[in-house]
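**Student:** Dropping a structure here in structure tokens format, bear with me for questions.
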Amino acid sequence: MGSFALLLALSLCQIAWIVLGVLWVARRHDEIPLLISAVLFYVFTFRLWALLMGWTSPVNLSNFGFDALDSNGALEAESIAILGQTVLLSIYMLAQRHRIDVPDRLASPELLDWLKSRVVALGVICIPVSLLARRAVGVQIAAGRSMGFEISSYLILFSLSLVGVAILIAALWKSGAFHTAVERFGALLLFAAIIYLTFQPSMRFQFLGWCVAVTIILASGQSFLRRAQVLVIGLVGAVALFAVAGALRNAEDPTVELEQSAWERFAFAEDANMLDGFALLRQVYPEMLDYSYGEEHLEILERPIPRAWWPGKPVGGYMNKLGIITADSGFMLGISPSLFGSFYQEGGLVGVLILSIIYGFGFGRLVSFSTRIVPLGGLLLRGMLAAAIVPLLRGGDLPGIYAWFGMSFWPCLLLLWIGRRDFFARIPYPEQFADGAPVPMERGRTSEHSLV
């Protein structure tokens with residue numbers, strides 16, 4: 001098959017997955033396959049066309065000994081990624097067979113009041129602590145300390161805890177828990193503060209992720225047309241802010257206008273260079289480094305240990321492993337290879353197939369489980385998954401990505417664990433939460449039939 005024919009076939013395959021994702025939303029009310037398909041289309045097929053048309057330039061690391069990206073290398077990387085996408089989404093759709101019906105009543109008034117007071121308290125506490133953490137990081141950077149090796153990641157990533165608070169606020173807003181104008185105004189103030197503190201060029205993929213999650217939460221339970229309108233408005237706004245965040249990295253250049261730079265970064269897929277990263281990674285594994293054979297995932301358990309306690313803790317990312325980046329190098333460099341690049345690092349093509357099956361099954365079972373518990377609990381689980389999808393699909397240094405998740409979602413996980421008897425109660429008859437249905441038993445009463 002010629003190169004152009006292969007490119008056309010791969011492009012049509014990803015477009016077909018987007019169409020199937022739209023049909024899946026219409027039938028199952030589940031946006032996860034569409035979200036995955038849209039992101040992967042942008043970072044692979046659209047990126048490759050942008051490169052071939054000369055709209056943007058490929059990543060060039062020739063000064064570090066890497067070969068320049070050519071069309072054959074790009075096509076091979078895209079072929080492997082789309083194979084992984086096909087396997088992951090196929091397994092997901094086999095594992096997630098439930099229709100997601102979000103009723104008007106997501107939880108009992110008692111549970112909503114209990115959650116609301118704790119979410120507001122978390123927001124009020126986390127916002128000033130995030131400001132103090134950012135200040136502490138700035139002071140240490142100004143003193144010449146290396147962000148990657150000498151500054152605590154807990155300080156660097158603490159502001160991500162506001163991602164979990166944002167998801168909780170969106171779920172409460174969707175539940176109608178903010179009754180008065182004062183409560184709604186307070187929630188909007190918290191939300192505005194969260195946007196301000198998480199809108200950073202270095203955290204733009206996490207920012208995009210939680211914006212997508214909030215959009216999906218607010219669109220859930222609506223008619224297909226209304227859901228489409230909310231999704232389009234929310235996603236367009238999120239992508240626009242994502243492009244602006246990327247453009248802010250060049251804000252010091254007076255010759256570049258911010259609006260023009262943001263538009264060009266989005267239209268020419270300058271930030272979507274995972275295709276380049278995957279092709280570069282394939283030059284490293286297994287020629288320069290052996291496949292990690294699961295070590296990348298095992299390191300997820302090691303990453304929370306502070307480097308001050310374990311100075312010899314293994315570094316993440318092949319640039320670090322090759323010694324190109326060190327504490328003394330004075331720069332941070334890394335081209336994300338997408339999730340399938342991380343899978344390839346674990347075991348080549350076999351690693352991509354096996355891990356795509358595992359992840360597809362895990363995502364599918366999680367969403368399926370979320371449809372059989374108290375609706376508010378299910379909404380929070382799906383919100384966290386949606387927020388995780390974008391940075392996860394970006395790939396590269398999976399232990400670091402999972403560290404982002406831990407710092408982002410601990411507020412949600414903490415409250416879900418404290419209220420687990422209420423949030424994770426099985427509901428064989430979801431219509432019990434419909435309008436006019438009896439209110440479930442009050443919080444604190446014990447009964448094997450108690451829902452919330």
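Chain identifiers are assigned as A, B, and so on, following the order in which chains appear in the structure tokens; residues are numbered from 1 within each chain, and ligands are numbered from 1 in order of appearance.
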For A:Val22, find every residue with an atom within 9 Å (counting only C-alpha atoms), except residues of its own chain fewer than 3 positions away, and show them as a compact mmCIF listing (two decimals) with all heavy atoms, in the first residue's frame.

**Tutor:**
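Written out: around_33.txt:
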# COMPACT_ATOMS: atom_id res chain seq x y z
N TRP A 17 -14.21 6.39 13.77
CA TRP A 17 -14.34 6.30 15.23
C TRP A 17 -15.04 7.53 15.80
O TRP A 17 -15.80 7.43 16.77
CB TRP A 17 -12.97 6.12 15.87
CG TRP A 17 -12.52 4.69 15.95
CD1 TRP A 17 -11.45 4.12 15.33
CD2 TRP A 17 -13.18 3.64 16.68
NE1 TRP A 17 -11.38 2.77 15.65
CE2 TRP A 17 -12.43 2.46 16.47
CE3 TRP A 17 -14.31 3.58 17.49
CZ2 TRP A 17 -12.78 1.23 17.03
CZ3 TRP A 17 -14.68 2.36 18.05
CH2 TRP A 17 -13.91 1.21 17.83
N ILE A 18 -14.81 8.70 15.22
CA ILE A 18 -15.53 9.89 15.68
C ILE A 18 -17.02 9.76 15.40
O ILE A 18 -17.86 10.07 16.26
CB ILE A 18 -14.95 11.15 15.00
CG1 ILE A 18 -13.53 11.41 15.50
CG2 ILE A 18 -15.84 12.36 15.26
CD1 ILE A 18 -12.84 12.60 14.83
N VAL A 19 -17.38 9.30 14.21
CA VAL A 19 -18.79 9.10 13.87
C VAL A 19 -19.41 8.08 14.81
O VAL A 19 -20.53 8.29 15.33
CB VAL A 19 -18.93 8.65 12.40
CG1 VAL A 19 -20.37 8.27 12.09
CG2 VAL A 19 -18.44 9.74 11.46
N VAL A 25 -22.84 8.40 21.83
CA VAL A 25 -23.43 9.41 22.71
C VAL A 25 -24.95 9.41 22.56
O VAL A 25 -25.70 9.48 23.54
CB VAL A 25 -22.86 10.81 22.39
CG1 VAL A 25 -23.62 11.89 23.17
CG2 VAL A 25 -21.37 10.87 22.71
N ALA A 26 -25.42 9.33 21.31
CA ALA A 26 -26.86 9.35 21.07
C ALA A 26 -27.55 8.13 21.67
O ALA A 26 -28.66 8.24 22.20
CB ALA A 26 -27.13 9.42 19.57
N ARG A 27 -26.88 6.99 21.62
CA ARG A 27 -27.52 5.76 22.09
C ARG A 27 -27.27 5.49 23.56
O ARG A 27 -28.19 5.09 24.29
CB ARG A 27 -27.01 4.59 21.26
CG ARG A 27 -27.67 3.27 21.63
CD ARG A 27 -27.23 2.15 20.72
NE ARG A 27 -27.87 0.89 21.07
CZ ARG A 27 -27.66 -0.26 20.45
NH1 ARG A 27 -26.82 -0.30 19.42
NH2 ARG A 27 -28.28 -1.36 20.83
N GLU A 31 -19.96 9.92 26.65
CA GLU A 31 -19.07 10.74 25.81
C GLU A 31 -17.63 10.23 25.76
O GLU A 31 -16.82 10.77 25.00
CB GLU A 31 -19.06 12.19 26.32
CG GLU A 31 -20.36 12.93 26.17
CD GLU A 31 -21.25 12.80 27.40
OE1 GLU A 31 -20.89 11.98 28.29
OE2 GLU A 31 -22.28 13.50 27.47
N PRO A 33 -15.94 7.51 24.51
CA PRO A 33 -15.37 7.14 23.21
C PRO A 33 -15.21 8.33 22.27
O PRO A 33 -14.21 8.42 21.54
CB PRO A 33 -16.36 6.11 22.66
CG PRO A 33 -17.00 5.52 23.86
CD PRO A 33 -17.13 6.67 24.81
N LEU A 34 -16.17 9.25 22.27
CA LEU A 34 -16.06 10.42 21.41
C LEU A 34 -14.91 11.31 21.86
O LEU A 34 -14.16 11.84 21.01
CB LEU A 34 -17.38 11.21 21.43
CG LEU A 34 -17.40 12.50 20.60
CD1 LEU A 34 -17.09 12.21 19.13
CD2 LEU A 34 -18.75 13.20 20.75

**Student:** DSSP says helix (DSSP H, G or I) for which residues of stretch 29-231 of chain A? Put them as a PyMOL selection string?

**Tutor:** chain A and resi 32-52+62-64+71-95+109-142+153-175+181-198+201-219+224-231

**Student:** Which residues are near stretch 392-403 of chain A? Cut-off 9 Å, only C-alpha atoms, ignore same chain within fewer than 4 positions. Put them as a VMD selection string.

**Tutor:** chain A and resid 36 39 to 40 43 153 157 205 272 274 277 296 to 304 316 to 318 334 to 343 388 407 to 408

**Student:** Have a look at A:Leu381, A:Val212, A:Phe66, A:Val87 and name the one nearest to A:Glu287; count only C-alpha atoms.

**Tutor:** A:Phe66

**Student:** Quick one: pull the distance between atom CA of A:Ala425 and atom CA of A:Phe224, Å, one decimal.

**Tutor:**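 The value is 28.1 Å.
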
**Student:** Show me, as a ChimeraX atom specification, the residues that have an atom within 12 Å of stretch 188-201 of chain A when counting only C-alpha atoms, minus same-chain residues fewer than 5 positions from it.

**Tutor:** /A:119-135,156-170,172-173,178,181-183,206-211,214,238,241-251,262,271,408

**Student:** Using only C-alpha atoms, which of A:Leu235, A:Val284, A:Ala386, A:Ile354 sits nearest A:Asp30?

**Tutor:**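 Ranking A:Leu235, A:Val284, A:Ala386, A:Ile354 by distance to A:Asp30, first place goes to A:Ala386.
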